[in-house]
$ cat final27.txt   # compact mmCIF, C-alpha atoms and all ligand atoms
# COMPACT_ATOMS: atom_id res chain seq x y z
CA MET A 1 0.00 0.00 0.00
CA PRO A 2 1.47 3.41 -0.94
CA ALA A 3 2.18 5.81 1.90
CA PHE A 4 2.70 9.55 1.93
CA SER A 5 3.64 12.27 4.35
CA CYS A 6 1.24 15.20 4.86
CA PRO A 7 2.83 18.31 3.27
CA GLY A 8 1.70 20.37 6.27
CA CYS A 9 2.62 18.36 9.37
CA ARG A 10 4.55 15.37 7.94
CA GLN A 11 2.13 12.88 9.51
CA LEU A 12 2.30 9.58 7.60
CA TYR A 13 -0.75 8.08 5.87
CA GLU A 14 -1.41 4.98 3.86
CA TYR A 15 -3.92 5.02 1.02
CA ALA A 16 -5.29 2.75 -1.66
CA GLU A 17 -3.69 3.19 -5.06
CA SER A 18 -7.14 3.66 -6.61
CA ASP A 19 -7.63 6.81 -4.47
CA SER A 20 -4.74 8.66 -6.19
CA GLY A 21 -5.77 12.20 -7.08
CA ARG A 22 -8.70 12.20 -4.61
CA PRO A 23 -9.11 15.27 -2.36
CA PHE A 24 -7.54 14.95 1.05
CA ILE A 25 -7.84 16.85 4.32
CA CYS A 26 -5.23 16.02 6.96
CA PRO A 27 -7.16 15.14 10.15
CA GLN A 28 -4.25 16.47 12.20
CA CYS A 29 -3.34 19.85 10.66
CA ARG A 30 -6.32 20.40 8.26
CA THR A 31 -3.95 20.83 5.29
CA GLN A 32 -5.96 20.36 2.10
CA GLY A 33 -4.67 18.83 -1.08
CA HIS A 34 -5.01 15.69 -3.09
CA LEU A 35 -3.45 12.25 -2.81
CA PRO A 36 -0.35 12.08 -5.03
CA ARG A 37 -0.87 10.84 -8.57
CA GLU A 38 1.76 8.56 -10.03
CA GLU A 39 2.41 10.90 -12.97
CA GLU A 40 3.25 13.89 -10.76
CA VAL A 41 5.78 12.05 -8.60
CA GLU A 42 9.41 12.99 -9.22
CA LEU A 43 11.78 10.12 -9.06
CA ALA A 44 14.24 10.92 -6.32
CA ALA A 45 16.93 9.59 -8.62
CA PRO A 46 20.41 10.85 -7.90
CA SER A 47 20.74 13.88 -10.14
CA SER A 48 24.41 14.07 -10.84
CA PRO A 49 25.68 16.24 -9.40
CA ALA A 50 22.96 16.57 -6.75
CA GLU A 51 21.66 20.14 -6.69
CA TRP A 52 20.27 19.81 -3.17
CA HIS A 53 19.23 17.17 -0.65
CA ALA A 54 15.87 16.45 0.97
CA ALA A 55 15.43 14.20 3.99
CA CYS A 56 12.80 11.44 3.91
CA PRO A 57 10.36 12.05 6.82
CA ARG A 58 10.09 8.31 7.52
CA CYS A 59 13.54 6.79 7.14
CA SER A 60 15.58 10.05 7.24
CA SER A 61 17.51 9.06 4.11
CA SER A 62 19.14 12.04 2.47
CA LEU A 63 17.92 12.14 -1.13
CA PRO A 64 19.96 13.91 -3.81
CA LEU A 65 17.53 15.94 -5.94
CA ALA A 66 17.39 18.39 -8.81
CA TRP A 67 15.97 21.87 -8.11
CA ARG A 68 12.88 21.12 -10.20
CA ALA A 69 11.83 18.59 -7.55
CA LEU A 70 11.46 21.36 -4.94
CA HIS A 71 7.86 21.53 -3.60
CA ARG A 72 6.90 18.47 -5.65
CA TRP A 73 5.97 14.95 -4.68
CA VAL A 74 9.05 12.74 -4.57
CA ARG A 75 9.40 9.06 -3.78
CA CYS A 76 12.01 7.91 -1.29
CA PRO A 77 13.97 5.15 -3.04
CA VAL A 78 14.72 3.50 0.31
CA CYS A 79 11.28 3.23 1.95
CA GLN A 80 9.00 4.21 -1.00
CA LEU A 81 7.34 7.01 1.01
CA LEU A 82 5.86 9.87 -1.04
CA PHE A 83 6.46 13.33 0.38
CA VAL A 84 6.67 16.94 -0.79
CA ALA A 85 10.33 17.91 -1.09
CA ARG A 86 11.13 20.92 1.11
CA GLN A 87 14.30 22.72 1.99
CA THR A 88 13.56 23.01 5.70
CA VAL A 89 14.32 19.61 7.14
CA ASN A 90 12.05 18.80 10.08
CA PRO A 91 12.97 15.71 12.06
CA ALA A 92 10.81 12.71 11.26
CA PRO A 93 7.82 12.16 13.58
CA ALA A 94 9.24 8.78 14.44
CA ALA A 95 6.72 6.31 15.88
CA ILE A 96 3.48 7.84 14.67
CA PRO A 97 1.04 5.14 13.56
CA ILE A 98 -0.06 5.13 9.96
CA SER A 99 -3.80 5.60 9.58
CA PRO A 100 -5.99 5.83 6.49
CA PRO A 101 -6.41 9.35 5.12
CA SER A 102 -9.68 11.15 5.61
CA VAL A 103 -11.28 11.79 2.28
CA PRO A 104 -14.27 14.13 2.52
CA PRO A 105 -17.56 12.32 1.87
CA SER A 106 -18.11 12.29 -1.85
CA SER A 107 -21.68 10.96 -1.93
CA GLN A 108 -23.26 14.44 -1.84
CA ARG A 109 -20.95 15.66 -4.59
CA THR A 110 -21.51 12.55 -6.68
CA SER A 111 -25.31 12.77 -6.45
CA ASN A 112 -25.13 16.43 -7.47
CA ARG A 113 -23.01 15.57 -10.49
CA THR A 114 -25.33 12.75 -11.42
CA LEU A 115 -28.28 15.19 -11.30
CA VAL A 116 -26.55 17.80 -13.49
CA GLY A 117 -25.28 15.09 -15.86
CA GLY A 118 -28.75 13.57 -16.16
CA LEU A 119 -30.38 16.95 -16.79
CA LEU A 120 -27.81 17.80 -19.49
CA LEU A 121 -28.36 14.45 -21.17
CA ALA A 122 -32.16 14.77 -21.02
CA GLY A 123 -31.98 18.42 -22.16
CA GLY A 124 -29.73 17.49 -25.08
CA ILE A 125 -32.13 14.82 -26.33
CA CYS A 126 -35.07 17.17 -25.79
CA ALA A 127 -33.38 19.99 -27.76
CA ILE A 128 -32.66 17.66 -30.70
CA LEU A 129 -36.30 16.48 -30.76
CA ASN A 130 -37.47 20.10 -30.52
CA VAL A 131 -35.33 21.08 -33.52
CA ALA A 132 -36.38 18.02 -35.53
CA VAL A 133 -40.08 18.72 -34.97
CA ALA A 134 -39.67 22.44 -35.77
CA VAL A 135 -37.69 21.75 -38.96
CA LEU A 136 -40.15 19.13 -40.21
CA PHE A 137 -43.28 21.18 -39.41
CA SER A 138 -41.87 24.33 -41.00
CA VAL A 139 -40.80 22.37 -44.10
CA PHE A 140 -37.15 23.31 -43.43
CA LEU A 141 -37.92 27.05 -43.19
CA CYS A 142 -36.61 26.81 -39.61
CA CYS A 143 -33.11 26.21 -40.96
CA LEU A 144 -32.92 29.96 -41.57
CA TRP A 145 -33.24 30.60 -37.84
CA PRO A 146 -29.80 30.62 -36.07
CA GLY A 147 -31.34 29.20 -32.89
CA VAL A 148 -31.60 25.85 -34.66
CA TYR A 149 -27.82 25.64 -34.97
CA LEU A 150 -27.30 26.79 -31.37
CA ALA A 151 -29.63 24.01 -30.22
CA LEU A 152 -27.94 21.37 -32.38
CA GLY A 153 -24.41 22.31 -31.29
CA TRP A 154 -25.41 22.66 -27.66
CA SER A 155 -27.25 19.33 -27.54
CA ILE A 156 -24.29 17.39 -28.95
CA VAL A 157 -21.92 18.88 -26.34
CA ALA A 158 -24.53 18.43 -23.59
CA ILE A 159 -25.13 14.76 -24.42
CA VAL A 160 -21.37 14.03 -24.44
CA ARG A 161 -20.71 15.95 -21.19
CA GLY A 162 -23.85 14.58 -19.52
CA SER A 163 -22.81 10.99 -20.23
CA GLN A 164 -19.32 11.69 -18.86
CA MET A 165 -20.78 13.13 -15.67
CA LEU A 166 -22.98 10.11 -15.09
CA SER A 167 -19.80 8.09 -14.69
CA VAL A 168 -18.79 8.35 -11.04
CA ASP A 169 -15.21 9.48 -11.60
CA TYR A 170 -15.91 12.78 -13.36
CA HIS A 171 -13.32 15.30 -12.12
CA GLY A 172 -13.83 18.01 -14.74
CA PRO A 173 -14.87 21.62 -14.16
CA PRO A 174 -18.52 22.53 -13.45
CA PRO A 175 -20.40 22.92 -16.77
CA ARG A 176 -21.60 26.44 -15.97
CA LEU A 177 -21.41 27.70 -19.58
CA LEU A 178 -23.46 24.71 -20.76
CA ALA A 179 -26.13 25.50 -18.16
CA ILE A 180 -26.27 29.16 -19.24
CA LEU A 181 -26.56 28.18 -22.92
CA GLN A 182 -29.27 25.71 -21.92
CA ILE A 183 -31.33 28.60 -20.54
CA LEU A 184 -30.67 30.62 -23.73
CA LEU A 185 -32.38 27.86 -25.73
CA ILE A 186 -35.58 29.72 -24.80
CA ILE A 187 -34.97 31.67 -28.05
CA ASN A 188 -36.34 28.49 -29.68
CA LEU A 189 -39.29 28.57 -27.23
CA ASP A 190 -37.66 25.52 -25.59
CA VAL A 191 -39.33 25.86 -22.20
CA VAL A 192 -38.16 22.41 -21.03
CA ASN A 193 -34.50 23.38 -21.37
CA LEU A 194 -35.17 26.76 -19.76
CA ILE A 195 -36.37 24.97 -16.63
CA LEU A 196 -33.66 22.26 -16.74
CA GLY A 197 -31.00 24.96 -17.24
CA ILE A 198 -32.17 26.91 -14.19
CA VAL A 199 -32.16 23.74 -12.06
CA ASN A 200 -28.64 23.01 -13.36
CA LEU A 201 -27.35 26.50 -12.51
CA VAL A 202 -28.74 26.21 -8.99
CA SER A 203 -27.16 22.76 -8.51
CA LEU A 204 -23.80 24.07 -9.76
CA GLU A 205 -23.69 26.46 -6.77
CA LYS A 206 -23.06 23.38 -4.60
CA TRP A 207 -20.47 21.91 -6.99
ZN ZN A 301 -1.04 17.30 8.29
ZN ZN A 302 12.47 6.91 3.20
$ encode --input "final27.txt" --output "structure tokens"
Amino acid sequence: MPAFSCPGCRQLYEYAESDSGRPFICPQCRTQGHLPREEEVELAAPSSPAEWHAACPRCSSSLPLAWRALHRWVRCPVCQLLFVARQTVNPAPAAIPISPPSVPPSSQRTSNRTLVGGLLLAGGICAILNVAVAVLFSVFLCCLWPGVYLALGWSIVAIVRGSQMLSVDYHGPPPRLLAILQILLIINLDVVNLILGIVNLVSLEKW
């Protein structure tokens, strides 16, 4: 199991590899951050010549590092601990037990994302149907109205983004612009998307 040292207080924590990148609040010093991702970890490989040294908070090994590793996650080659390389060397908090990190409850966030994702998906399908009906009933005269193209473009993006958000691991930014454009679909008299868009904007406040 990978272990890391809190960047704030150097307390050691173990975590499951699948939780990499998840938000983290240190229960001891309230430092906020995220669990180190493999791709952002600098290899504490001996840079020759070593530009500076950082001490591992667990095994106190002195690691030769390049300057670019400063303030980044590095992995101790001796004990495999991940820690943020700092110039000030605090002594290791020796016999502190390793406990699982506290990850803020994600159920509320996830249900919110599922709601917004579902509304975008439903709105996208609704907008396409709306356009199709309008175009057919107006015998293609509607194609002269720019709102038709706004609705088509918006619905494609909304369906793609909505499906992504329904997957639990969506970490992207809140789709605020999509929600605003959804409300603007009222130029096509699309009342359904006006309502869905307002619900989306309100839900995004609690993103
Ligand atoms: Zn801490
Ligand atoms: Zn070490």
$ closest_atom_pairs --input "final27.txt" --of "chain A" --to "ligand ZN 301 (chain A)" --cutoff "9 Å" --atoms "all atoms listed in the file" --output "Markdown table"
| residue | atom | partner | partner_atom | distance |
| --- | --- | --- | --- | --- |
| A:Ser5 | CA | A:ZN301 | ZN | 7.9 |
| A:Cys6 | CA | A:ZN301 | ZN | 4.6 |
| A:Pro7 | CA | A:ZN301 | ZN | 6.4 |
| A:Gly8 | CA | A:ZN301 | ZN | 4.6 |
| A:Cys9 | CA | A:ZN301 | ZN | 4.0 |
| A:Arg10 | CA | A:ZN301 | ZN | 5.9 |
| A:Gln11 | CA | A:ZN301 | ZN | 5.6 |
| A:Leu12 | CA | A:ZN301 | ZN | 8.4 |
| A:Ile25 | CA | A:ZN301 | ZN | 7.9 |
| A:Cys26 | CA | A:ZN301 | ZN | 4.6 |
| A:Pro27 | CA | A:ZN301 | ZN | 6.8 |
| A:Gln28 | CA | A:ZN301 | ZN | 5.1 |
| A:Cys29 | CA | A:ZN301 | ZN | 4.2 |
| A:Arg30 | CA | A:ZN301 | ZN | 6.1 |
| A:Thr31 | CA | A:ZN301 | ZN | 5.5 |
| A:Gln32 | CA | A:ZN301 | ZN | 8.5 |
$ closest_atom_pairs --input "final27.txt" --of "chain A" --to "ligand ZN 302 (chain A)" --cutoff "8 Å" --atoms "all atoms listed in the file" --output "tab-separated table"
residue	atom	partner	partner_atom	distance
A:Ala55	CA	A:ZN302	ZN	7.9
A:Cys56	CA	A:ZN302	ZN	4.6
A:Pro57	CA	A:ZN302	ZN	6.6
A:Arg58	CA	A:ZN302	ZN	5.1
A:Cys59	CA	A:ZN302	ZN	4.1
A:Ser60	CA	A:ZN302	ZN	6.0
A:Ser61	CA	A:ZN302	ZN	5.6
A:Arg75	CA	A:ZN302	ZN	7.9
A:Cys76	CA	A:ZN302	ZN	4.6
A:Pro77	CA	A:ZN302	ZN	6.7
A:Val78	CA	A:ZN302	ZN	5.0
A:Cys79	CA	A:ZN302	ZN	4.1
A:Gln80	CA	A:ZN302	ZN	6.1
A:Leu81	CA	A:ZN302	ZN	5.6
$ residues_around --input "final27.txt" --residues "Pro175 (chain A)" --least-positions-apart "5" --cutoff "9 Å" --atoms "all atoms listed in the file" --output "list in words"
Val116, Arg161, Ile180, Asn200, Leu201 and Leu204 of chain A
$ write_last_selection --input "final27.txt" --atoms "C-alpha atoms" --output "PDB file, in the coordinates of the input"
ATOM      1  CA  VAL A 116     -26.550  17.800 -13.490  1.00  0.00           C
ATOM      2  CA  ARG A 161     -20.710  15.950 -21.190  1.00  0.00           C
ATOM      3  CA  ILE A 180     -26.270  29.160 -19.240  1.00  0.00           C
ATOM      4  CA  ASN A 200     -28.640  23.010 -13.360  1.00  0.00           C
ATOM      5  CA  LEU A 201     -27.350  26.500 -12.510  1.00  0.00           C
ATOM      6  CA  LEU A 204     -23.800  24.070  -9.760  1.00  0.00           C
TER       7      LEU A 204
END
$ residues_around --input "final27.txt" --residues "Glu42 (chain A)" --least-positions-apart "2" --cutoff "10 Å" --atoms "all atoms listed in the file" --output "ChimeraX atom specification"
/A:38-40,44-45,65-66,68-70,72-76,82,84-85
$ atom_distance --input "final27.txt" --atom1 "CA of Ala3 (chain A)" --atom2 "CA of Ser167 (chain A)"
27.6 Å
$ atom_distance --input "final27.txt" --atom1 "CA of Ile125 (chain A)" --atom2 "CA of Ile159 (chain A)"
7.3 Å
$ closest_residue --input "final27.txt" --among "A:Leu177, A:Leu115, A:Leu63, A:Val148" --to "Leu129 (chain A)" --atoms "only C-alpha atoms"
A:Val148
$ closest_residue --input "final27.txt" --among "A:Pro173, A:Gly147, A:Gly21, A:Pro36" --to "Val131 (chain A)" --atoms "all atoms listed in the file"
A:Gly147
$ residues_around --input "final27.txt" --residues "Cys126 (chain A)" --least-positions-apart "5" --cutoff "9 Å" --atoms "all atoms listed in the file" --output "PyMOL selection string"
chain A and resi 121+131+155+190+192-193
$ closest_residue --input "final27.txt" --among "A:Tyr13, A:Phe140, A:Trp67, A:Phe4" --to "His53 (chain A)" --atoms "all atoms listed in the file"
A:Trp67
$ residues_around --input "final27.txt" --residues "Val157 (chain A)" --least-positions-apart "2" --cutoff "12 Å" --atoms "only C-alpha atoms" --output "list in words"
Gly117, Leu120, Leu121, Gly123, Gly124, Ile125, Ala127, Ile128, Leu150, Ala151, Leu152, Gly153, Trp154, Ser155, Ile159, Val160, Arg161, Gly162, Ser163, Gln164, Pro175, Leu177, Leu178, Ala179, Leu181 and Gln182 of chain A
$ closest_residue --input "final27.txt" --among "A:Trp145, A:Pro49, A:Ser111, A:Leu35" --to "Phe83 (chain A)" --atoms "only C-alpha atoms"
A:Leu35
$ atom_distance --input "final27.txt" --atom1 "CA of Pro174 (chain A)" --atom2 "CA of Arg113 (chain A)"
8.8 Å
